[in-house]
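Peer 1: Quick one: structure below, then a few questions.
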Amino acid sequence: MTRTILYFHGFASSPASAKIALLRPMLAPDVELITPDLNVPSFERLDWNAIVDYAKTFENYDVIAGSSMGALVALSIARPHIPLVLIAPALGIADRWRTMLPDGDPIPVFHHTRNEKVPVHRKFFEQMFRVRIDEHAPPSRVTVIMGRNDESVPYQLVEQTWNNWKPDLVEGSKFIEIAEGDHGLTAHAGLIARELRGFTT
């Protein structure tokens with residue numbers, strides 16, 4: 001029987017990301033990745049509420065996974081008894097985004113899949129300042145995979161969020177630290193695939 005993983009890509013990415021491209025054949029043929037395009041309604045006009053509403057339209061999956069910003073989407077639709085795998089998750093960074101955001105509107109952002117800078121309207125970032133879905137532990141078992149050398153999301157913020165969650169975490173939850181891991185974690189796709197597959201057997 002084929003098992004399904006609902007996988008949300010990160011900010012400035014797409015279902016054609018390098019990590020998804022590596023994971024899909026590693027999990028095939030018995031595990032299928034469902035990878036929605038979160039650039040809703042477009043990357044230039046991103047809308048957090050529309051992204052979450054779109055994510056909620058998917059049904060009949062066995063695991064929810066999310067990378068970077070996609071981890072926040074995963075948390076937003078988390079439900080009991082469906083495990084979560086959060087990869088280089090953008091936890092605890094709302095206030096950091098506020099302090100680092102440059103002036104102007106729109107704001108140019110390098111889109112990794114398109115391999116070019118794309119202007120994104122400021123409203124999206126202002127929405128993200130108010131996203132606090134990560135303040136509380138999820139209602140299901142969760143695995144966090146995080147690299148210490150993450151250049152986009154500070155390891156310390158993710159570790160602090162995890163420690164805040166600890167009293168309320170579902171039994172079996174775990175935090176996997178990758179000592180040399182960066183934000184992309186493509187060099188560790190095999191480890192990620194093993195963790196994902198572990199929830200589908």
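Ordered as shown in the structure tokens, chains take letters A, B, and onward, while each chain numbers its residues from 1 and ligands are numbered from 1 in the order shown.
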Enumerate the residues of region 82-157 of chain A with a DSSP assignment of strand (DSSP E), computed from the backbone, and present them as a list in words.

Peer 2: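 In region 82-157 of chain A, DSSP puts these residues in strand (DSSP E): Leu84, Val85, Leu86, Ile87, Ile107, Pro108, Val109, Phe110, His111, Glu116, Lys117, Val118, Pro119, Val120, Val142, Thr143, Val144, Ile145, Met146 and Gly147 of chain A.
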
Peer 1: Just N, CA and C atoms for this one: save the residues we selected as a PDB file, in the first residue's frame.

Peer 2:
```
ATOM      1  N   LEU A  84       4.383  14.867  12.437  1.00  0.00           N
ATOM      2  CA  LEU A  84       5.012  15.996  11.749  1.00  0.00           C
ATOM      3  C   LEU A  84       6.514  15.771  11.651  1.00  0.00           C
ATOM      4  N   VAL A  85       7.089  16.180  10.511  1.00  0.00           N
ATOM      5  CA  VAL A  85       8.536  16.235  10.362  1.00  0.00           C
ATOM      6  C   VAL A  85       8.876  17.645   9.882  1.00  0.00           C
ATOM      7  N   LEU A  86       9.605  18.382  10.706  1.00  0.00           N
ATOM      8  CA  LEU A  86       9.938  19.774  10.417  1.00  0.00           C
ATOM      9  C   LEU A  86      11.427  19.868  10.115  1.00  0.00           C
ATOM     10  N   ILE A  87      11.744  20.309   8.897  1.00  0.00           N
ATOM     11  CA  ILE A  87      13.122  20.294   8.398  1.00  0.00           C
ATOM     12  C   ILE A  87      13.646  21.727   8.313  1.00  0.00           C
ATOM     13  N   ILE A 107       9.933  44.327  -1.932  1.00  0.00           N
ATOM     14  CA  ILE A 107      11.258  43.957  -1.437  1.00  0.00           C
ATOM     15  C   ILE A 107      11.816  42.856  -2.333  1.00  0.00           C
ATOM     16  N   PRO A 108      12.991  43.078  -2.920  1.00  0.00           N
ATOM     17  CA  PRO A 108      13.565  42.047  -3.797  1.00  0.00           C
ATOM     18  C   PRO A 108      14.063  40.846  -3.006  1.00  0.00           C
ATOM     19  N   VAL A 109      13.692  39.661  -3.450  1.00  0.00           N
ATOM     20  CA  VAL A 109      14.070  38.419  -2.779  1.00  0.00           C
ATOM     21  C   VAL A 109      14.583  37.445  -3.824  1.00  0.00           C
ATOM     22  N   PHE A 110      15.678  36.772  -3.510  1.00  0.00           N
ATOM     23  CA  PHE A 110      16.202  35.770  -4.442  1.00  0.00           C
ATOM     24  C   PHE A 110      15.362  34.507  -4.349  1.00  0.00           C
ATOM     25  N   HIS A 111      14.760  34.122  -5.470  1.00  0.00           N
ATOM     26  CA  HIS A 111      13.945  32.911  -5.529  1.00  0.00           C
ATOM     27  C   HIS A 111      14.836  31.772  -6.011  1.00  0.00           C
ATOM     28  N   GLU A 116      16.619  33.868  -9.638  1.00  0.00           N
ATOM     29  CA  GLU A 116      16.649  35.301  -9.905  1.00  0.00           C
ATOM     30  C   GLU A 116      15.984  36.043  -8.752  1.00  0.00           C
ATOM     31  N   LYS A 117      16.266  37.344  -8.673  1.00  0.00           N
ATOM     32  CA  LYS A 117      15.601  38.171  -7.669  1.00  0.00           C
ATOM     33  C   LYS A 117      14.206  38.548  -8.152  1.00  0.00           C
ATOM     34  N   VAL A 118      13.250  38.450  -7.237  1.00  0.00           N
ATOM     35  CA  VAL A 118      11.858  38.715  -7.559  1.00  0.00           C
ATOM     36  C   VAL A 118      11.303  39.690  -6.521  1.00  0.00           C
ATOM     37  N   PRO A 119      10.560  40.729  -6.929  1.00  0.00           N
ATOM     38  CA  PRO A 119       9.999  41.672  -5.959  1.00  0.00           C
ATOM     39  C   PRO A 119       8.765  41.085  -5.259  1.00  0.00           C
ATOM     40  N   VAL A 120       8.789  41.095  -3.941  1.00  0.00           N
ATOM     41  CA  VAL A 120       7.672  40.590  -3.137  1.00  0.00           C
ATOM     42  C   VAL A 120       7.073  41.754  -2.354  1.00  0.00           C
ATOM     43  N   VAL A 142       6.244  14.901  16.807  1.00  0.00           N
ATOM     44  CA  VAL A 142       6.981  15.748  15.882  1.00  0.00           C
ATOM     45  C   VAL A 142       8.463  15.418  15.928  1.00  0.00           C
ATOM     46  N   THR A 143       9.085  15.414  14.748  1.00  0.00           N
ATOM     47  CA  THR A 143      10.533  15.310  14.625  1.00  0.00           C
ATOM     48  C   THR A 143      11.038  16.595  13.991  1.00  0.00           C
ATOM     49  N   VAL A 144      12.002  17.226  14.646  1.00  0.00           N
ATOM     50  CA  VAL A 144      12.654  18.415  14.103  1.00  0.00           C
ATOM     51  C   VAL A 144      14.060  18.026  13.668  1.00  0.00           C
ATOM     52  N   ILE A 145      14.410  18.382  12.428  1.00  0.00           N
ATOM     53  CA  ILE A 145      15.743  18.117  11.892  1.00  0.00           C
ATOM     54  C   ILE A 145      16.392  19.463  11.612  1.00  0.00           C
ATOM     55  N   MET A 146      17.486  19.754  12.294  1.00  0.00           N
ATOM     56  CA  MET A 146      18.065  21.102  12.240  1.00  0.00           C
ATOM     57  C   MET A 146      19.586  21.048  12.186  1.00  0.00           C
ATOM     58  N   GLY A 147      20.157  21.832  11.268  1.00  0.00           N
ATOM     59  CA  GLY A 147      21.604  21.919  11.152  1.00  0.00           C
ATOM     60  C   GLY A 147      22.170  23.044  12.001  1.00  0.00           C
TER      61      GLY A 147
END
```

Peer 1: If you count only C-alpha atoms, which residues fall within 12 Å of Ile82 (chain A), apart from same-chain ones fewer than 6 positions away, as a list in words?

Peer 2: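 Listing them by chain and then by number gives Thr4, Ile5, Leu6, Glu59, Asn60, Tyr61, Asp62, Val63, Ile64, Ala65, Ala74, Leu75, Pro138, Pro139, Ser140, Arg141, Val142, Thr143, Val170, Phe199 and Thr200 of chain A.
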
Peer 1: Hey, can you spit out that residue selection with C-alpha atoms as a PDB file, in the first residue's frame?

Peer 2:
```pdb
ATOM      1  CA  THR A   4       1.544   9.614   1.394  1.00  0.00           C
ATOM      2  CA  ILE A   5       3.476  12.536   2.847  1.00  0.00           C
ATOM      3  CA  LEU A   6       2.139  16.060   2.496  1.00  0.00           C
ATOM      4  CA  GLU A  59      -6.680  15.375   2.619  1.00  0.00           C
ATOM      5  CA  ASN A  60      -5.792  11.702   3.002  1.00  0.00           C
ATOM      6  CA  TYR A  61      -2.124  11.796   3.970  1.00  0.00           C
ATOM      7  CA  ASP A  62      -0.148   9.883   6.574  1.00  0.00           C
ATOM      8  CA  VAL A  63       2.537  12.422   7.505  1.00  0.00           C
ATOM      9  CA  ILE A  64       2.862  16.212   7.298  1.00  0.00           C
ATOM     10  CA  ALA A  65       6.332  17.588   6.578  1.00  0.00           C
ATOM     11  CA  ALA A  74       2.681  22.285   8.587  1.00  0.00           C
ATOM     12  CA  LEU A  75       2.147  23.487  12.151  1.00  0.00           C
ATOM     13  CA  PRO A 138       2.005  20.691  18.100  1.00  0.00           C
ATOM     14  CA  PRO A 139      -0.777  18.237  18.999  1.00  0.00           C
ATOM     15  CA  SER A 140       0.990  15.246  17.456  1.00  0.00           C
ATOM     16  CA  ARG A 141       4.365  13.536  17.531  1.00  0.00           C
ATOM     17  CA  VAL A 142       6.981  15.748  15.882  1.00  0.00           C
ATOM     18  CA  THR A 143      10.533  15.310  14.625  1.00  0.00           C
ATOM     19  CA  VAL A 170       3.691  14.159  22.479  1.00  0.00           C
ATOM     20  CA  PHE A 199       6.463   7.308  10.018  1.00  0.00           C
ATOM     21  CA  THR A 200       5.025   5.377   7.067  1.00  0.00           C
TER      22      THR A 200
END
```

Peer 1: So that I can check the surroundings of Phe8 (chain A), please list as a PDB file with N, CA, C and O atoms, in the first residue's frame every protein, DNA and RNA residue that reaches within 12 Å of it, counting only C-alpha atoms and ignoring chain neighbours fewer than 5 positions away.

Peer 2:
```
ATOM      1  N   SER A  13      10.911  29.266  -2.726  1.00  0.00           N
ATOM      2  CA  SER A  13      11.189  27.961  -3.305  1.00  0.00           C
ATOM      3  C   SER A  13       9.937  27.478  -4.031  1.00  0.00           C
ATOM      4  O   SER A  13       9.034  28.261  -4.309  1.00  0.00           O
ATOM      5  N   SER A  14       9.887  26.183  -4.326  1.00  0.00           N
ATOM      6  CA  SER A  14       8.759  25.626  -5.063  1.00  0.00           C
ATOM      7  C   SER A  14       8.795  24.106  -4.950  1.00  0.00           C
ATOM      8  O   SER A  14       9.753  23.539  -4.391  1.00  0.00           O
ATOM      9  N   PRO A  15       7.793  23.411  -5.499  1.00  0.00           N
ATOM     10  CA  PRO A  15       7.840  21.945  -5.511  1.00  0.00           C
ATOM     11  C   PRO A  15       8.999  21.379  -6.325  1.00  0.00           C
ATOM     12  O   PRO A  15       9.266  20.176  -6.267  1.00  0.00           O
ATOM     13  N   ALA A  16       9.691  22.242  -7.070  1.00  0.00           N
ATOM     14  CA  ALA A  16      10.859  21.789  -7.843  1.00  0.00           C
ATOM     15  C   ALA A  16      12.161  22.013  -7.069  1.00  0.00           C
ATOM     16  O   ALA A  16      13.238  22.029  -7.668  1.00  0.00           O
ATOM     17  N   SER A  17      12.076  22.172  -5.766  1.00  0.00           N
ATOM     18  CA  SER A  17      13.275  22.433  -4.968  1.00  0.00           C
ATOM     19  C   SER A  17      14.244  21.256  -5.030  1.00  0.00           C
ATOM     20  O   SER A  17      13.861  20.111  -5.292  1.00  0.00           O
ATOM     21  N   LYS A  19      15.779  19.783  -2.595  1.00  0.00           N
ATOM     22  CA  LYS A  19      15.533  18.778  -1.558  1.00  0.00           C
ATOM     23  C   LYS A  19      14.404  17.829  -1.962  1.00  0.00           C
ATOM     24  O   LYS A  19      14.516  16.617  -1.798  1.00  0.00           O
ATOM     25  N   ILE A  20      13.328  18.381  -2.493  1.00  0.00           N
ATOM     26  CA  ILE A  20      12.221  17.541  -2.938  1.00  0.00           C
ATOM     27  C   ILE A  20      12.672  16.619  -4.064  1.00  0.00           C
ATOM     28  O   ILE A  20      12.325  15.438  -4.104  1.00  0.00           O
ATOM     29  N   LEU A  33       5.277  11.620  -2.261  1.00  0.00           N
ATOM     30  CA  LEU A  33       5.321  12.995  -1.760  1.00  0.00           C
ATOM     31  C   LEU A  33       4.270  13.833  -2.488  1.00  0.00           C
ATOM     32  O   LEU A  33       4.275  13.916  -3.715  1.00  0.00           O
ATOM     33  N   ILE A  34       3.396  14.446  -1.732  1.00  0.00           N
ATOM     34  CA  ILE A  34       2.457  15.432  -2.277  1.00  0.00           C
ATOM     35  C   ILE A  34       3.044  16.794  -1.952  1.00  0.00           C
ATOM     36  O   ILE A  34       3.241  17.136  -0.784  1.00  0.00           O
ATOM     37  N   THR A  35       3.350  17.581  -2.971  1.00  0.00           N
ATOM     38  CA  THR A  35       4.124  18.809  -2.768  1.00  0.00           C
ATOM     39  C   THR A  35       3.393  20.024  -3.344  1.00  0.00           C
ATOM     40  O   THR A  35       3.652  20.439  -4.471  1.00  0.00           O
ATOM     41  N   PRO A  36       2.479  20.622  -2.594  1.00  0.00           N
ATOM     42  CA  PRO A  36       1.752  21.791  -3.090  1.00  0.00           C
ATOM     43  C   PRO A  36       2.680  22.969  -3.362  1.00  0.00           C
ATOM     44  O   PRO A  36       3.708  23.147  -2.694  1.00  0.00           O
ATOM     45  N   ASP A  37       2.312  23.774  -4.337  1.00  0.00           N
ATOM     46  CA  ASP A  37       3.028  25.008  -4.626  1.00  0.00           C
ATOM     47  C   ASP A  37       2.455  26.094  -3.715  1.00  0.00           C
ATOM     48  O   ASP A  37       1.309  26.511  -3.869  1.00  0.00           O
ATOM     49  N   LEU A  38       3.260  26.551  -2.770  1.00  0.00           N
ATOM     50  CA  LEU A  38       2.805  27.523  -1.776  1.00  0.00           C
ATOM     51  C   LEU A  38       2.947  28.973  -2.235  1.00  0.00           C
ATOM     52  O   LEU A  38       2.699  29.892  -1.447  1.00  0.00           O
ATOM     53  N   ASN A  39       3.322  29.190  -3.470  1.00  0.00           N
ATOM     54  CA  ASN A  39       3.433  30.559  -3.986  1.00  0.00           C
ATOM     55  C   ASN A  39       2.030  31.056  -4.364  1.00  0.00           C
ATOM     56  O   ASN A  39       1.684  31.172  -5.534  1.00  0.00           O
ATOM     57  N   ILE A  51      -2.148  30.974   1.806  1.00  0.00           N
ATOM     58  CA  ILE A  51      -1.285  29.789   1.815  1.00  0.00           C
ATOM     59  C   ILE A  51      -1.850  28.733   2.761  1.00  0.00           C
ATOM     60  O   ILE A  51      -1.974  27.554   2.416  1.00  0.00           O
ATOM     61  N   VAL A  52      -2.196  29.153   3.975  1.00  0.00           N
ATOM     62  CA  VAL A  52      -2.719  28.200   4.963  1.00  0.00           C
ATOM     63  C   VAL A  52      -4.064  27.634   4.504  1.00  0.00           C
ATOM     64  O   VAL A  52      -4.317  26.435   4.632  1.00  0.00           O
ATOM     65  N   TYR A  54      -5.058  27.199   1.488  1.00  0.00           N
ATOM     66  CA  TYR A  54      -4.767  26.237   0.417  1.00  0.00           C
ATOM     67  C   TYR A  54      -4.247  24.934   1.011  1.00  0.00           C
ATOM     68  O   TYR A  54      -4.659  23.837   0.600  1.00  0.00           O
ATOM     69  N   ALA A  55      -3.365  25.027   1.987  1.00  0.00           N
ATOM     70  CA  ALA A  55      -2.814  23.818   2.610  1.00  0.00           C
ATOM     71  C   ALA A  55      -3.912  22.969   3.237  1.00  0.00           C
ATOM     72  O   ALA A  55      -3.837  21.726   3.233  1.00  0.00           O
ATOM     73  N   LYS A  56      -4.929  23.612   3.756  1.00  0.00           N
ATOM     74  CA  LYS A  56      -6.019  22.891   4.420  1.00  0.00           C
ATOM     75  C   LYS A  56      -6.900  22.105   3.440  1.00  0.00           C
ATOM     76  O   LYS A  56      -7.687  21.259   3.871  1.00  0.00           O
ATOM     77  N   PHE A  58      -5.933  19.927   1.334  1.00  0.00           N
ATOM     78  CA  PHE A  58      -5.386  18.589   1.068  1.00  0.00           C
ATOM     79  C   PHE A  58      -5.850  17.613   2.145  1.00  0.00           C
ATOM     80  O   PHE A  58      -5.887  17.938   3.331  1.00  0.00           O
ATOM     81  N   VAL A  63       1.537  11.610   6.817  1.00  0.00           N
ATOM     82  CA  VAL A  63       2.537  12.422   7.505  1.00  0.00           C
ATOM     83  C   VAL A  63       2.463  13.829   6.928  1.00  0.00           C
ATOM     84  O   VAL A  63       2.185  14.009   5.732  1.00  0.00           O
ATOM     85  N   ILE A  64       2.712  14.835   7.773  1.00  0.00           N
ATOM     86  CA  ILE A  64       2.862  16.212   7.298  1.00  0.00           C
ATOM     87  C   ILE A  64       4.315  16.617   7.518  1.00  0.00           C
ATOM     88  O   ILE A  64       4.847  16.468   8.623  1.00  0.00           O
ATOM     89  N   ALA A  65       4.955  17.121   6.475  1.00  0.00           N
ATOM     90  CA  ALA A  65       6.332  17.588   6.578  1.00  0.00           C
ATOM     91  C   ALA A  65       6.423  19.009   6.037  1.00  0.00           C
ATOM     92  O   ALA A  65       5.623  19.419   5.193  1.00  0.00           O
ATOM     93  N   GLY A  66       7.398  19.746   6.542  1.00  0.00           N
ATOM     94  CA  GLY A  66       7.594  21.102   6.052  1.00  0.00           C
ATOM     95  C   GLY A  66       9.027  21.531   6.221  1.00  0.00           C
ATOM     96  O   GLY A  66       9.681  21.190   7.212  1.00  0.00           O
ATOM     97  N   SER A  67       9.514  22.262   5.228  1.00  0.00           N
ATOM     98  CA  SER A  67      10.881  22.765   5.253  1.00  0.00           C
ATOM     99  C   SER A  67      10.857  24.284   5.419  1.00  0.00           C
ATOM    100  O   SER A  67      10.118  24.974   4.719  1.00  0.00           O
ATOM    101  N   SER A  68      11.644  24.796   6.368  1.00  0.00           N
ATOM    102  CA  SER A  68      11.771  26.235   6.588  1.00  0.00           C
ATOM    103  C   SER A  68      10.388  26.866   6.839  1.00  0.00           C
ATOM    104  O   SER A  68       9.693  26.480   7.768  1.00  0.00           O
ATOM    105  N   MET A  69       9.955  27.817   6.008  1.00  0.00           N
ATOM    106  CA  MET A  69       8.630  28.405   6.193  1.00  0.00           C
ATOM    107  C   MET A  69       7.534  27.353   6.060  1.00  0.00           C
ATOM    108  O   MET A  69       6.467  27.459   6.679  1.00  0.00           O
ATOM    109  N   GLY A  70       7.788  26.329   5.249  1.00  0.00           N
ATOM    110  CA  GLY A  70       6.822  25.252   5.106  1.00  0.00           C
ATOM    111  C   GLY A  70       6.531  24.540   6.411  1.00  0.00           C
ATOM    112  O   GLY A  70       5.458  23.960   6.588  1.00  0.00           O
ATOM    113  N   ALA A  71       7.487  24.595   7.359  1.00  0.00           N
ATOM    114  CA  ALA A  71       7.254  24.015   8.679  1.00  0.00           C
ATOM    115  C   ALA A  71       6.163  24.782   9.422  1.00  0.00           C
ATOM    116  O   ALA A  71       5.369  24.191  10.164  1.00  0.00           O
ATOM    117  N   LEU A  72       6.113  26.102   9.236  1.00  0.00           N
ATOM    118  CA  LEU A  72       5.055  26.897   9.860  1.00  0.00           C
ATOM    119  C   LEU A  72       3.697  26.556   9.249  1.00  0.00           C
ATOM    120  O   LEU A  72       2.676  26.519   9.946  1.00  0.00           O
ATOM    121  N   VAL A  73       3.686  26.300   7.946  1.00  0.00           N
ATOM    122  CA  VAL A  73       2.453  25.863   7.293  1.00  0.00           C
ATOM    123  C   VAL A  73       2.026  24.516   7.867  1.00  0.00           C
ATOM    124  O   VAL A  73       0.843  24.298   8.174  1.00  0.00           O
ATOM    125  N   ALA A  74       2.983  23.603   8.017  1.00  0.00           N
ATOM    126  CA  ALA A  74       2.681  22.285   8.587  1.00  0.00           C
ATOM    127  C   ALA A  74       2.089  22.421   9.982  1.00  0.00           C
ATOM    128  O   ALA A  74       1.096  21.756  10.321  1.00  0.00           O
ATOM    129  N   LEU A  75       2.671  23.277  10.799  1.00  0.00           N
ATOM    130  CA  LEU A  75       2.147  23.487  12.151  1.00  0.00           C
ATOM    131  C   LEU A  75       0.736  24.064  12.110  1.00  0.00           C
ATOM    132  O   LEU A  75      -0.090  23.768  12.983  1.00  0.00           O
ATOM    133  N   SER A  76       0.461  24.879  11.111  1.00  0.00           N
ATOM    134  CA  SER A  76      -0.846  25.534  11.013  1.00  0.00           C
ATOM    135  C   SER A  76      -1.975  24.561  10.721  1.00  0.00           C
ATOM    136  O   SER A  76      -3.134  24.854  11.029  1.00  0.00           O
ATOM    137  N   ILE A  77      -1.644  23.422  10.112  1.00  0.00           N
ATOM    138  CA  ILE A  77      -2.700  22.445   9.813  1.00  0.00           C
ATOM    139  C   ILE A  77      -2.513  21.153  10.605  1.00  0.00           C
ATOM    140  O   ILE A  77      -3.171  20.155  10.319  1.00  0.00           O
ATOM    141  N   LEU A  84       4.383  14.867  12.437  1.00  0.00           N
ATOM    142  CA  LEU A  84       5.012  15.996  11.749  1.00  0.00           C
ATOM    143  C   LEU A  84       6.514  15.771  11.651  1.00  0.00           C
ATOM    144  O   LEU A  84       7.144  15.274  12.593  1.00  0.00           O
ATOM    145  N   VAL A  85       7.089  16.180  10.511  1.00  0.00           N
ATOM    146  CA  VAL A  85       8.536  16.235  10.362  1.00  0.00           C
ATOM    147  C   VAL A  85       8.876  17.645   9.882  1.00  0.00           C
ATOM    148  O   VAL A  85       8.455  18.053   8.795  1.00  0.00           O
ATOM    149  N   LEU A  86       9.605  18.382  10.706  1.00  0.00           N
ATOM    150  CA  LEU A  86       9.938  19.774  10.417  1.00  0.00           C
ATOM    151  C   LEU A  86      11.427  19.868  10.115  1.00  0.00           C
ATOM    152  O   LEU A  86      12.265  19.536  10.962  1.00  0.00           O
ATOM    153  N   ILE A  87      11.744  20.309   8.897  1.00  0.00           N
ATOM    154  CA  ILE A  87      13.122  20.294   8.398  1.00  0.00           C
ATOM    155  C   ILE A  87      13.646  21.727   8.313  1.00  0.00           C
ATOM    156  O   ILE A  87      13.049  22.568   7.638  1.00  0.00           O
ATOM    157  N   PRO A  89      13.300  24.131  10.317  1.00  0.00           N
ATOM    158  CA  PRO A  89      12.063  24.904  10.449  1.00  0.00           C
ATOM    159  C   PRO A  89      12.304  26.353  10.851  1.00  0.00           C
ATOM    160  O   PRO A  89      13.200  26.651  11.642  1.00  0.00           O
TER     161      PRO A  89
END
```

Peer 1: Can you list, as a ChimeraX atom specification, every protein, DNA or RNA residue that comes within 8 Å of Trp162 (chain A) when you count only C-alpha atoms, leaving out same-chain residues fewer than 4 positions away?

Peer 2: /A:158,166,175

Peer 1: Identify which of the residues A:Met1, A:Ala28, A:Leu46, A:Ala137 lies closest to Ala193 (chain A), counting only C-alpha atoms when measuring atom-to-atom distances.

Peer 2: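 Closest to Ala193 (chain A), using only C-alpha atoms: A:Ala28.
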
Peer 1: Of the candidates A:Asn149, A:Lys174, A:Phe125, A:Asn115, which one gets nearest to Met100 (chain A) if we count only C-alpha atoms?

Peer 2: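 Under the stated criterion, the closest residue is A:Phe125.
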